[in-house]
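For reference, the structure discussed in these notes is given below.
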Amino acid sequence: MRQLLRRACRRLSALAGVFLFALAPVADAQTGPEKYPDRPIKIIVPFPAGGSVDALARVVAHGLSERWGQQVIVEARPGASTMVGTGAAAKAEPDGYTLLMTVSNLTTNPALYAKVAYDAQRDFAPIAMLARTPVVLYATPSLPANNLAELVALAKTRQGGVDFGSAGVGTMTHLTAEQFKIASGAPMTHVLYRGGAPALNDLIAGHLALQFGTVGQAYEQYRAGQVKALAISSAERYPSMKETPTFAEQGFDVVVTEWYGLFAPAATPKPIIAKLNAELKSIIASPDVGRRMSSIELTHSTPEELDAFVRAETERWGALIKKIGITAQ
C-alpha cells in the first residue's frame, strides 16, 4: 500500500512539473511588452554628469518615473568620445530597461575613428529626437570684429589667422567651424581643449579669440557681457538669441544643429518603443520642462523620423570629415 502511495505521489509530482513547464511561456509573456515597465529603467548618458545631455536625461527620467511609478536611473558613462557609454548601451538586453541618451557623436564617430565597436544604425532602435540647438560663434569682447565680414577681413590680415576653440575634435562645434572655414576662406587655427568649459574660460580671459559652442555652453556668459556672439547656425534667428544674426543671413551657407536623441538596443520590441515615444511626447510638451531646458529647443519626432535623420547626418558629416581629413585617436 505504501509503495502504491509513493508511486502515485511521484506521478502527481511529475505531472505538476509538466503543468508548470507548460505554463512558463504564459508567465513569461505576462512580463513582456504589455507589462512594461515592471522594474527600474536605466538611461545611459555617454558624457560626464552636469552637462546638457545629462540635464535632459534627468528631466526625462523624472517624467517617466512620475508617469509609470518605476525608478528611472541616469547613469553617466563617459569616455572615448562617447564610445564607452554608447558601446555599453549597444550590448544591453533589448528589453526597454536600458536606454541611451546621446547627441551627434553617434553619427560622426564612425568617420573619425578607425575602429568603432558598434554600428549606429544596426545596433540601435531610435525612439525619439527630444531637443536640438544651433552652434554659436562666440568671441572675446576685445576682438575687433562684430560680424562675420569683419572677422573674415581680420583673419586675412593676421599672420596665422585667428584661433578658435571647440568642445573637441570631431564634435559638432568643431565641424561647424570647419564648415565656416570652407565657406569663408578665412584662415583659422583649431586650439584643442578637453571640452567646451576650458575653452570658454580662455575666451572670457582673452586668451582665445573665438569659440564655437552650443547656445547653452556660453548663454549665461553671453547675457552677462563676458563674451559676444557673431553668428548662429540656425536656419532662422533663434528665439533666445534673436539679436544674433545667422551665418546664412551674413552670406555663409552654414546651417547646423546639435541634437539630442533617445535610443534603445536594436531588437527592442516595437510596442515598447511606441510606448516610450508616446510618453516622451507628453513630457517634452510640459511647460515646466520647457522652463527648465530653456537654452535648447525641445522637439519630438517619431522613431522613423529619427532613423532617417541619423542616416542623413552620418552621410553628411562623414563626407566632410573625409574631405578635410580629420581623424581622432
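Following the order of the C-alpha cells, first chain is A, next is B, and so on, with residues numbered from 1 inside each chain and ligands from 1 in the order they appear.
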
Exercise: A:Thr82 partners within 9 Å, only C-alpha atoms, chain neighbours under 3 positions left out, as a ChimeraX atom specification: /A:45-47,77-79,85-87,102,105-106,109

Surrounding residues of A:Arg122 excluding itself and chain neighbours under 6 positions, 12 Å, only C-alpha atoms, as a PyMOL selection string: chain A and resi 90-91+263-267+307+310-311

Strand (DSSP E) residues, from DSSP on the backbone, in stretch 50-162 of chain A, as an MDAnalysis selection string: chainID A and resid 72:76 98:102 124:133 135:139 162

Considering only C-alpha atoms, tabulate each residue of stretch 226-302 of chain A that lies at most 9 Å from stretch 147-170 of chain A along with its nearest interatomic pair and the corresponding distance in Å to one decimal; arrange the rows by chain and ascending residue number and present them as JSON lines.
{"residue": "A:Ala229", "atom": "CA", "partner": "A:Asn147", "partner_atom": "CA", "distance": 8.5}
{"residue": "A:Leu230", "atom": "CA", "partner": "A:Asn147", "partner_atom": "CA", "distance": 5.1}
{"residue": "A:Ala231", "atom": "CA", "partner": "A:Leu148", "partner_atom": "CA", "distance": 7.2}
{"residue": "A:Pro245", "atom": "CA", "partner": "A:Asn147", "partner_atom": "CA", "distance": 8.6}
{"residue": "A:Phe247", "atom": "CA", "partner": "A:Leu148", "partner_atom": "CA", "distance": 7.9}
{"residue": "A:Gln250", "atom": "CA", "partner": "A:Leu148", "partner_atom": "CA", "distance": 6.8}
{"residue": "A:Gly251", "atom": "CA", "partner": "A:Leu148", "partner_atom": "CA", "distance": 8.8}
{"residue": "A:Phe252", "atom": "CA", "partner": "A:Leu148", "partner_atom": "CA", "distance": 8.8}

Residues within 10 Å of A:Pro239, only C-alpha atoms, excluding chain neighbours under 3 positions, as a ChimeraX atom specification: /A:236,242-244,294-297
